[in-house]
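Novice: For reference, the structure I am asking about is given below.
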Amino acid sequence: MHAPREVSAPTAPAPWQRTALGANLLSPDGGLGITIFEEMTTLAVQTGAINLGQGFPDEDGPLEIREAARAAISAGANQYAPGKGIPELREAVSVHQRRFYGLSPDPATEVVITTGATEAIAASLLAFAGPGDEVLTLEPFYDSYGAVIGLSGATHVTAPLLAPDFMPDMPALEAAFSPRTKVVLLNNPHNPTGAVFPREVLQRIVDLARTHNSIIVTDEVYEHLTFGVGHLPVASLPGAADRTITISSAGKTFSLTGWKIGWLTGPEDLVAAVRTVKQFLTYSSGTPFQSAIALGLALPDSFYEGIASSLQEKRDILSEGLRAAGFDVFSPQGTYFVNVDTAPLGITDSVDLARRLPALVGVAAIPVPVFCHAEGAQRTRSLLRFAFCKKAGILHEAAERLSSLSGRL
């Protein structure tokens, strides 16, 4: 028997409170808490710990892309870009989709440039979901999903991902759908678990979405950061193209997270609906960065193969250190993150350990329960997430520090 689906209804009164509630930031008395990322970063600074919590690289992206942005600034590309993005980048996104996946979105009507993937996700959910609707995600889920679902007034329904491979519990996933499932928000490769979902799992989600007439919104920002498996866009699967908004960004692929250049593609009617919302969020942004990212998307296959290979080596450095520390390590197939189970060390509360870890051994991590509703938090209560998108020397040092953990508990 599968567990009943877990539902988080937007019961808080004000939009900001619904947003905070969706991101697990609303205290029982209605006050506003801080994100776990802010808390762990503060602890890392206070203790001098290596911060393996938040997922941002500690190295800049390719020099040719950065030089292209400088050249664009010098050439005067400093005013508003068109609301849907400069033509050069929209064309580059279309070519990228065709080059890697055989998809051919029309750059004039089926591609929109956004302020990072975060805005694309927010605009998509606000375009399609509202009070009385349900938005379905897998759990654990990236915290901004819960925040925007809460802001929209829709109800957040989750289906669990189960260790050790973090694949969906299929009966629970099927039961999570209902006639009110307006949007399925799918993150693949998946943060925070590092799972890359195979064709059969993705196709089942598409089939269920078609049965329930649901729109699919896919967050594929880690598309080029997979290890030993290829990325399969949902939009390429049978039955998906007419109902799928595909989202990605430059931040993770090019290690330029501060530029906030993202994009979405999909059928013209859905893209037009999202663009209607997006234009009243930021309208446009990052004009000189847009042409630079167009150059980046045209880099040769060797670049894309190299970033994945380099990241896999970093994954292995940190994973070895985590195993030596006594954790049960779940090796990811993609993303920046590796998850561990603290239970072999006799620890069942990863939130408590995360708060102690910077002072204990000088390393900061993020507890997985913060990416869950109450039932999911209980299921993942002993799991911790570490980011390995750092320089190899930093990861070796973190591994060395972690090796002393069991003797300090």
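All residue names refer to the structure tokens as shown: chains lettered A, B, ... in order, residues numbered from 1 in each chain, ligands numbered from 1 in order.
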From a DSSP pass on the backbone, collect the residues of segment 196-316 of chain A flagged as strand (DSSP E) and hand them back as a list in words.
Specialist: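 Those in segment 196-316 of chain A that DSSP calls strand (DSSP E) are Ile215, Ile216, Val217, Thr218, Asp219, Thr244, Ile245, Thr246, Ile247, Ser248, Ser249, Gly262, Trp263, Leu264 and Thr265 of chain A.
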Novice: Can you check which residues of segment 2-163 of chain A DSSP gives as helix (DSSP H, G or I) on the backbone and send them as an NGL selection string?
Specialist: :A and (15-22 or 36-47 or 63-74 or 87-101 or 116-128 or 143-152)
Novice: Using only C-alpha atoms, please write the residues we just selected to a file, as a PDB file, in the first residue's frame.
Specialist:
```
ATOM      1  CA  PRO A  15       0.344  36.552  -0.241  1.00  0.00           C
ATOM      2  CA  TRP A  16       3.707  36.989   1.484  1.00  0.00           C
ATOM      3  CA  GLN A  17       2.630  34.579   4.215  1.00  0.00           C
ATOM      4  CA  ARG A  18       1.472  31.999   1.670  1.00  0.00           C
ATOM      5  CA  THR A  19       4.866  32.355  -0.013  1.00  0.00           C
ATOM      6  CA  ALA A  20       6.720  31.902   3.270  1.00  0.00           C
ATOM      7  CA  LEU A  21       4.513  28.979   4.275  1.00  0.00           C
ATOM      8  CA  GLY A  22       5.164  27.257   0.955  1.00  0.00           C
ATOM      9  CA  ILE A  36      18.196  27.318   5.771  1.00  0.00           C
ATOM     10  CA  PHE A  37      20.727  28.590   3.213  1.00  0.00           C
ATOM     11  CA  GLU A  38      21.071  31.884   5.056  1.00  0.00           C
ATOM     12  CA  GLU A  39      21.324  30.092   8.387  1.00  0.00           C
ATOM     13  CA  MET A  40      24.017  27.682   7.215  1.00  0.00           C
ATOM     14  CA  THR A  41      25.983  30.412   5.440  1.00  0.00           C
ATOM     15  CA  THR A  42      25.961  32.511   8.607  1.00  0.00           C
ATOM     16  CA  LEU A  43      27.220  29.546  10.636  1.00  0.00           C
ATOM     17  CA  ALA A  44      29.923  28.856   8.052  1.00  0.00           C
ATOM     18  CA  VAL A  45      31.143  32.457   8.257  1.00  0.00           C
ATOM     19  CA  GLN A  46      31.077  32.468  12.043  1.00  0.00           C
ATOM     20  CA  THR A  47      33.069  29.246  12.336  1.00  0.00           C
ATOM     21  CA  LEU A  63      36.693  33.458 -20.245  1.00  0.00           C
ATOM     22  CA  GLU A  64      35.327  33.836 -23.780  1.00  0.00           C
ATOM     23  CA  ILE A  65      31.800  34.242 -22.441  1.00  0.00           C
ATOM     24  CA  ARG A  66      32.879  36.806 -19.856  1.00  0.00           C
ATOM     25  CA  GLU A  67      34.859  38.722 -22.470  1.00  0.00           C
ATOM     26  CA  ALA A  68      31.809  38.728 -24.739  1.00  0.00           C
ATOM     27  CA  ALA A  69      29.771  40.359 -21.967  1.00  0.00           C
ATOM     28  CA  ARG A  70      32.454  43.017 -21.479  1.00  0.00           C
ATOM     29  CA  ALA A  71      32.474  43.689 -25.211  1.00  0.00           C
ATOM     30  CA  ALA A  72      28.674  44.005 -25.250  1.00  0.00           C
ATOM     31  CA  ILE A  73      28.797  46.548 -22.418  1.00  0.00           C
ATOM     32  CA  SER A  74      31.478  48.557 -24.222  1.00  0.00           C
ATOM     33  CA  PRO A  87      16.784  37.662 -31.114  1.00  0.00           C
ATOM     34  CA  GLU A  88      20.365  36.372 -31.049  1.00  0.00           C
ATOM     35  CA  LEU A  89      19.858  34.474 -27.800  1.00  0.00           C
ATOM     36  CA  ARG A  90      16.396  33.195 -28.693  1.00  0.00           C
ATOM     37  CA  GLU A  91      17.857  31.791 -31.903  1.00  0.00           C
ATOM     38  CA  ALA A  92      20.779  30.284 -29.951  1.00  0.00           C
ATOM     39  CA  VAL A  93      18.383  28.565 -27.543  1.00  0.00           C
ATOM     40  CA  SER A  94      16.447  27.109 -30.485  1.00  0.00           C
ATOM     41  CA  VAL A  95      19.648  25.865 -32.123  1.00  0.00           C
ATOM     42  CA  HIS A  96      20.782  24.380 -28.800  1.00  0.00           C
ATOM     43  CA  GLN A  97      17.537  22.428 -28.433  1.00  0.00           C
ATOM     44  CA  ARG A  98      17.838  21.103 -31.978  1.00  0.00           C
ATOM     45  CA  ARG A  99      21.552  20.302 -31.625  1.00  0.00           C
ATOM     46  CA  PHE A 100      21.251  18.295 -28.423  1.00  0.00           C
ATOM     47  CA  TYR A 101      17.685  16.944 -28.474  1.00  0.00           C
ATOM     48  CA  GLY A 116      17.136  33.010 -14.501  1.00  0.00           C
ATOM     49  CA  ALA A 117      15.170  29.781 -14.315  1.00  0.00           C
ATOM     50  CA  THR A 118      13.630  31.058 -11.081  1.00  0.00           C
ATOM     51  CA  GLU A 119      11.599  33.708 -12.896  1.00  0.00           C
ATOM     52  CA  ALA A 120      10.640  31.239 -15.616  1.00  0.00           C
ATOM     53  CA  ILE A 121       9.278  28.857 -12.973  1.00  0.00           C
ATOM     54  CA  ALA A 122       7.424  31.640 -11.169  1.00  0.00           C
ATOM     55  CA  ALA A 123       5.911  33.058 -14.356  1.00  0.00           C
ATOM     56  CA  SER A 124       4.817  29.592 -15.500  1.00  0.00           C
ATOM     57  CA  LEU A 125       3.111  28.707 -12.227  1.00  0.00           C
ATOM     58  CA  LEU A 126       1.462  32.113 -11.893  1.00  0.00           C
ATOM     59  CA  ALA A 127       0.254  31.849 -15.495  1.00  0.00           C
ATOM     60  CA  PHE A 128      -1.525  28.541 -15.057  1.00  0.00           C
ATOM     61  CA  ASP A 143      12.270  25.420  -2.008  1.00  0.00           C
ATOM     62  CA  SER A 144      11.227  28.070  -4.535  1.00  0.00           C
ATOM     63  CA  TYR A 145       8.621  25.666  -5.914  1.00  0.00           C
ATOM     64  CA  GLY A 146       6.714  25.625  -2.651  1.00  0.00           C
ATOM     65  CA  ALA A 147       7.060  29.388  -2.314  1.00  0.00           C
ATOM     66  CA  VAL A 148       5.572  30.210  -5.716  1.00  0.00           C
ATOM     67  CA  ILE A 149       2.850  27.577  -5.442  1.00  0.00           C
ATOM     68  CA  GLY A 150       1.873  29.197  -2.146  1.00  0.00           C
ATOM     69  CA  LEU A 151       1.923  32.657  -3.711  1.00  0.00           C
ATOM     70  CA  SER A 152      -0.328  31.469  -6.536  1.00  0.00           C
TER      71      SER A 152
END
```
Novice: What's the 8 Å shell around segment 386-395 of chain A, counting only C-alpha atoms, without same-chain residues fewer than 5 positions away, as JSON, numbers by chain?
Specialist: {"A": [50, 52, 53, 54, 55, 56, 57, 58, 59, 311, 314, 315, 317, 318, 336, 337, 338, 339, 364, 365, 366]}
Novice: Tell me which protein, DNA and RNA residues are within 12 Å of Thr211 of chain A, counting only C-alpha atoms, leaving out same-chain ones fewer than 4 positions away, and put them as a ChimeraX atom specification.
Specialist: /A:174,177-182,204-207,215,239-240,243
Novice: Quick one: residues within 10 Å of Leu225 of chain A, only C-alpha atoms, excluding same-chain residues fewer than 3 positions away - as a PDB file with N, CA, C and O atoms, in the first residue's frame?
Specialist:
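File produced: result31.pdb:
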```
ATOM      1  N   PRO A 189      17.549  16.872 -14.365  1.00  0.00           N
ATOM      2  CA  PRO A 189      18.053  16.219 -13.162  1.00  0.00           C
ATOM      3  C   PRO A 189      17.578  16.921 -11.899  1.00  0.00           C
ATOM      4  O   PRO A 189      17.367  18.121 -11.901  1.00  0.00           O
ATOM      5  N   VAL A 221      17.624  22.711 -15.458  1.00  0.00           N
ATOM      6  CA  VAL A 221      18.827  23.553 -15.410  1.00  0.00           C
ATOM      7  C   VAL A 221      20.121  22.747 -15.312  1.00  0.00           C
ATOM      8  O   VAL A 221      21.192  23.259 -15.662  1.00  0.00           O
ATOM      9  N   TYR A 222      20.050  21.512 -14.844  1.00  0.00           N
ATOM     10  CA  TYR A 222      21.254  20.682 -14.744  1.00  0.00           C
ATOM     11  C   TYR A 222      21.398  19.744 -15.947  1.00  0.00           C
ATOM     12  O   TYR A 222      22.068  18.713 -15.868  1.00  0.00           O
ATOM     13  N   GLY A 228      27.417   9.716 -16.597  1.00  0.00           N
ATOM     14  CA  GLY A 228      27.205   8.365 -17.100  1.00  0.00           C
ATOM     15  C   GLY A 228      25.832   8.119 -17.690  1.00  0.00           C
ATOM     16  O   GLY A 228      25.560   7.019 -18.172  1.00  0.00           O
ATOM     17  N   VAL A 229      24.958   9.102 -17.648  1.00  0.00           N
ATOM     18  CA  VAL A 229      23.634   8.991 -18.266  1.00  0.00           C
ATOM     19  C   VAL A 229      23.376  10.279 -19.043  1.00  0.00           C
ATOM     20  O   VAL A 229      23.900  11.330 -18.715  1.00  0.00           O
ATOM     21  N   GLY A 230      22.566  10.168 -20.083  1.00  0.00           N
ATOM     22  CA  GLY A 230      22.234  11.348 -20.864  1.00  0.00           C
ATOM     23  C   GLY A 230      20.973  12.015 -20.353  1.00  0.00           C
ATOM     24  O   GLY A 230      20.146  11.399 -19.680  1.00  0.00           O
ATOM     25  N   HIS A 231      20.839  13.291 -20.688  1.00  0.00           N
ATOM     26  CA  HIS A 231      19.626  14.021 -20.320  1.00  0.00           C
ATOM     27  C   HIS A 231      18.555  13.814 -21.388  1.00  0.00           C
ATOM     28  O   HIS A 231      18.833  13.899 -22.590  1.00  0.00           O
ATOM     29  N   LYS A 252      24.008  27.302 -14.178  1.00  0.00           N
ATOM     30  CA  LYS A 252      24.653  26.050 -13.795  1.00  0.00           C
ATOM     31  C   LYS A 252      25.595  25.556 -14.891  1.00  0.00           C
ATOM     32  O   LYS A 252      26.714  25.118 -14.619  1.00  0.00           O
ATOM     33  N   THR A 253      25.155  25.628 -16.144  1.00  0.00           N
ATOM     34  CA  THR A 253      25.973  25.107 -17.241  1.00  0.00           C
ATOM     35  C   THR A 253      27.302  25.838 -17.364  1.00  0.00           C
ATOM     36  O   THR A 253      28.359  25.220 -17.562  1.00  0.00           O
ATOM     37  N   TYR A 304      31.009  20.898 -23.331  1.00  0.00           N
ATOM     38  CA  TYR A 304      29.930  20.289 -22.549  1.00  0.00           C
ATOM     39  C   TYR A 304      30.368  18.954 -21.936  1.00  0.00           C
ATOM     40  O   TYR A 304      30.018  18.640 -20.796  1.00  0.00           O
ATOM     41  N   GLU A 305      31.134  18.185 -22.682  1.00  0.00           N
ATOM     42  CA  GLU A 305      31.652  16.930 -22.133  1.00  0.00           C
ATOM     43  C   GLU A 305      32.626  17.210 -20.995  1.00  0.00           C
ATOM     44  O   GLU A 305      32.649  16.496 -19.986  1.00  0.00           O
ATOM     45  N   GLY A 306      33.407  18.265 -21.133  1.00  0.00           N
ATOM     46  CA  GLY A 306      34.406  18.586 -20.123  1.00  0.00           C
ATOM     47  C   GLY A 306      33.812  19.033 -18.805  1.00  0.00           C
ATOM     48  O   GLY A 306      34.301  18.648 -17.735  1.00  0.00           O
ATOM     49  N   ILE A 307      32.750  19.835 -18.849  1.00  0.00           N
ATOM     50  CA  ILE A 307      32.177  20.306 -17.585  1.00  0.00           C
ATOM     51  C   ILE A 307      31.549  19.156 -16.811  1.00  0.00           C
ATOM     52  O   ILE A 307      31.634  19.112 -15.579  1.00  0.00           O
ATOM     53  N   ALA A 308      30.944  18.212 -17.519  1.00  0.00           N
ATOM     54  CA  ALA A 308      30.351  17.062 -16.839  1.00  0.00           C
ATOM     55  C   ALA A 308      31.435  16.162 -16.250  1.00  0.00           C
ATOM     56  O   ALA A 308      31.324  15.675 -15.123  1.00  0.00           O
ATOM     57  N   SER A 309      32.507  15.942 -17.013  1.00  0.00           N
ATOM     58  CA  SER A 309      33.599  15.086 -16.543  1.00  0.00           C
ATOM     59  C   SER A 309      34.286  15.693 -15.328  1.00  0.00           C
ATOM     60  O   SER A 309      34.575  14.992 -14.342  1.00  0.00           O
ATOM     61  N   SER A 310      34.536  17.000 -15.370  1.00  0.00           N
ATOM     62  CA  SER A 310      35.174  17.679 -14.247  1.00  0.00           C
ATOM     63  C   SER A 310      34.313  17.607 -12.994  1.00  0.00           C
ATOM     64  O   SER A 310      34.804  17.348 -11.887  1.00  0.00           O
ATOM     65  N   LEU A 311      33.020  17.802 -13.174  1.00  0.00           N
ATOM     66  CA  LEU A 311      32.120  17.773 -12.022  1.00  0.00           C
ATOM     67  C   LEU A 311      32.017  16.363 -11.451  1.00  0.00           C
ATOM     68  O   LEU A 311      31.920  16.179 -10.230  1.00  0.00           O
ATOM     69  N   GLN A 312      32.044  15.355 -12.310  1.00  0.00           N
ATOM     70  CA  GLN A 312      32.005  13.977 -11.825  1.00  0.00           C
ATOM     71  C   GLN A 312      33.231  13.666 -10.965  1.00  0.00           C
ATOM     72  O   GLN A 312      33.127  12.988  -9.931  1.00  0.00           O
ATOM     73  N   GLN A 333      23.464  10.891 -10.060  1.00  0.00           N
ATOM     74  CA  GLN A 333      23.696  10.778 -11.502  1.00  0.00           C
ATOM     75  C   GLN A 333      23.747  12.142 -12.179  1.00  0.00           C
ATOM     76  O   GLN A 333      24.006  12.232 -13.377  1.00  0.00           O
ATOM     77  N   GLY A 334      23.505  13.204 -11.406  1.00  0.00           N
ATOM     78  CA  GLY A 334      23.541  14.540 -11.981  1.00  0.00           C
ATOM     79  C   GLY A 334      23.492  15.598 -10.894  1.00  0.00           C
ATOM     80  O   GLY A 334      23.443  15.295  -9.698  1.00  0.00           O
ATOM     81  N   THR A 335      23.538  16.859 -11.308  1.00  0.00           N
ATOM     82  CA  THR A 335      23.463  18.062 -10.470  1.00  0.00           C
ATOM     83  C   THR A 335      24.785  18.363  -9.773  1.00  0.00           C
ATOM     84  O   THR A 335      25.826  17.765 -10.064  1.00  0.00           O
ATOM     85  N   TYR A 336      24.711  19.279  -8.805  1.00  0.00           N
ATOM     86  CA  TYR A 336      25.847  19.703  -7.994  1.00  0.00           C
ATOM     87  C   TYR A 336      25.920  18.967  -6.659  1.00  0.00           C
ATOM     88  O   TYR A 336      26.806  19.275  -5.858  1.00  0.00           O
TER      89      TYR A 336
END
```
Novice: For Ile261 of chain A, list every protein, DNA or RNA residue within 10 Å, evaluated using only C-alpha atoms, and leave out those in the same chain fewer than 5 positions away; present the list as a list in words.
Specialist: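 Close residues of Ile261 of chain A: Gly85, Ile113, Thr114, Thr115, Gly116, Ala117, Thr118, Glu119, Ser248, Ser249, Ala250, Gly251, Leu256, Ser285, Gly286, Thr287, Phe289, Gln290 and Ile293 of chain A.
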Novice: Got time to write the residues from that selection, all heavy atoms, as a short mmCIF file (atom, residue, chain, number, x, y, z; two decimals), in the first residue's frame?
Specialist:
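Contents of the output file out.cif:
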```cif
data_model
loop_
_atom_site.label_atom_id
_atom_site.label_comp_id
_atom_site.auth_asym_id
_atom_site.auth_seq_id
_atom_site.Cartn_x
_atom_site.Cartn_y
_atom_site.Cartn_z
N GLY A 85 13.42 38.69 -24.95
CA GLY A 85 14.83 38.38 -25.11
C GLY A 85 15.36 38.84 -26.45
O GLY A 85 14.60 38.98 -27.43
N ILE A 113 13.33 34.56 -23.08
CA ILE A 113 14.48 34.69 -22.19
C ILE A 113 13.98 35.28 -20.87
O ILE A 113 13.19 36.23 -20.86
CB ILE A 113 15.56 35.58 -22.81
CG1 ILE A 113 15.92 35.09 -24.22
CG2 ILE A 113 16.79 35.62 -21.91
CD1 ILE A 113 16.30 33.62 -24.31
N THR A 114 14.44 34.74 -19.76
CA THR A 114 13.94 35.11 -18.43
C THR A 114 15.09 35.49 -17.50
O THR A 114 16.25 35.25 -17.80
CB THR A 114 13.15 33.95 -17.80
OG1 THR A 114 14.03 32.81 -17.67
CG2 THR A 114 11.95 33.57 -18.66
N THR A 115 14.74 36.08 -16.37
CA THR A 115 15.73 36.41 -15.35
C THR A 115 16.02 35.15 -14.54
O THR A 115 15.48 34.94 -13.45
CB THR A 115 15.24 37.55 -14.46
OG1 THR A 115 14.88 38.66 -15.29
CG2 THR A 115 16.32 37.99 -13.49
N GLY A 116 16.83 34.30 -15.11
CA GLY A 116 17.14 33.01 -14.50
C GLY A 116 15.97 32.04 -14.65
O GLY A 116 14.85 32.41 -15.03
N ALA A 117 16.24 30.79 -14.31
CA ALA A 117 15.17 29.78 -14.31
C ALA A 117 14.14 30.09 -13.24
O ALA A 117 12.96 29.75 -13.39
CB ALA A 117 15.77 28.39 -14.10
N THR A 118 14.56 30.76 -12.17
CA THR A 118 13.63 31.06 -11.08
C THR A 118 12.45 31.88 -11.57
O THR A 118 11.30 31.60 -11.24
CB THR A 118 14.35 31.80 -9.94
OG1 THR A 118 15.48 31.03 -9.53
CG2 THR A 118 13.43 32.01 -8.76
N GLU A 119 12.72 32.92 -12.37
CA GLU A 119 11.60 33.71 -12.90
C GLU A 119 10.75 32.90 -13.86
O GLU A 119 9.53 33.02 -13.88
CB GLU A 119 12.10 34.97 -13.59
CG GLU A 119 10.93 35.85 -14.02
CD GLU A 119 11.31 36.96 -14.98
OE1 GLU A 119 12.16 36.74 -15.86
OE2 GLU A 119 10.72 38.05 -14.84
N SER A 248 15.36 26.15 -18.68
CA SER A 248 16.77 25.93 -18.35
C SER A 248 17.43 27.29 -18.15
O SER A 248 16.76 28.33 -18.20
CB SER A 248 17.48 25.12 -19.43
OG SER A 248 18.75 24.67 -18.96
N SER A 249 18.73 27.28 -17.91
CA SER A 249 19.43 28.55 -17.67
C SER A 249 20.91 28.40 -17.91
O SER A 249 21.44 27.29 -18.02
CB SER A 249 19.17 29.04 -16.25
OG SER A 249 19.99 28.36 -15.32
N ALA A 250 21.59 29.55 -17.93
CA ALA A 250 23.03 29.59 -18.14
C ALA A 250 23.80 29.38 -16.85
O ALA A 250 24.97 29.00 -16.88
CB ALA A 250 23.42 30.92 -18.77
N GLY A 251 23.18 29.66 -15.72
CA GLY A 251 23.90 29.71 -14.46
C GLY A 251 24.67 28.45 -14.13
O GLY A 251 25.87 28.50 -13.80
N LEU A 256 27.95 30.63 -14.08
CA LEU A 256 27.70 32.07 -14.07
C LEU A 256 26.37 32.34 -13.39
O LEU A 256 25.48 32.99 -13.96
CB LEU A 256 27.71 32.63 -15.51
CG LEU A 256 29.05 32.53 -16.25
CD1 LEU A 256 28.87 32.78 -17.74
CD2 LEU A 256 30.08 33.50 -15.67
N SER A 285 15.89 41.73 -18.71
CA SER A 285 17.06 41.92 -17.85
C SER A 285 18.30 41.39 -18.54
O SER A 285 18.21 40.60 -19.49
CB SER A 285 16.88 41.22 -16.50
OG SER A 285 16.68 39.83 -16.68
N GLY A 286 19.46 41.82 -18.04
CA GLY A 286 20.74 41.23 -18.45
C GLY A 286 21.10 41.42 -19.91
O GLY A 286 21.67 40.52 -20.52
N THR A 287 20.81 42.59 -20.48
CA THR A 287 21.02 42.78 -21.92
C THR A 287 22.42 42.38 -22.39
O THR A 287 22.56 41.58 -23.32
CB THR A 287 20.71 44.23 -22.32
OG1 THR A 287 19.36 44.54 -21.95
CG2 THR A 287 20.87 44.44 -23.81
N PHE A 289 24.55 40.44 -21.04
CA PHE A 289 24.81 39.03 -20.76
C PHE A 289 24.11 38.12 -21.77
O PHE A 289 24.56 37.00 -22.02
CB PHE A 289 24.34 38.67 -19.35
CG PHE A 289 25.02 39.45 -18.26
CD1 PHE A 289 24.28 40.00 -17.23
CD2 PHE A 289 26.38 39.63 -18.26
CE1 PHE A 289 24.90 40.73 -16.22
CE2 PHE A 289 27.01 40.35 -17.26
CZ PHE A 289 26.26 40.91 -16.23
N GLN A 290 23.01 38.59 -22.34
CA GLN A 290 22.26 37.73 -23.24
C GLN A 290 23.06 37.36 -24.48
O GLN A 290 23.11 36.18 -24.88
CB GLN A 290 20.93 38.40 -23.63
CG GLN A 290 19.93 38.47 -22.49
CD GLN A 290 18.54 38.86 -22.96
OE1 GLN A 290 18.14 38.58 -24.10
NE2 GLN A 290 17.76 39.50 -22.09
N ILE A 293 25.77 34.83 -23.57
CA ILE A 293 25.29 33.45 -23.40
C ILE A 293 24.97 32.82 -24.75
O ILE A 293 25.14 31.61 -24.93
CB ILE A 293 24.07 33.43 -22.46
CG1 ILE A 293 24.48 33.87 -21.05
CG2 ILE A 293 23.44 32.02 -22.42
CD1 ILE A 293 25.61 33.07 -20.44
#
```
Novice: Tell me, in Å to one decimal, how far atom CA of Val217 of chain A is from atom CA of Leu297 of chain A.
Specialist: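 Answer for the atom CA of Val217 of chain A to atom CA of Leu297 of chain A separation: 22.0 Å.
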Novice: When you count only C-alpha atoms, which of these residues is closest to Gly153 of chain A: A:Ile216, A:Ala129, A:Cys372, A:Ala175?
Specialist: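 Ranking A:Ile216, A:Ala129, A:Cys372, A:Ala175 by distance to Gly153 of chain A, first place goes to A:Ala129.
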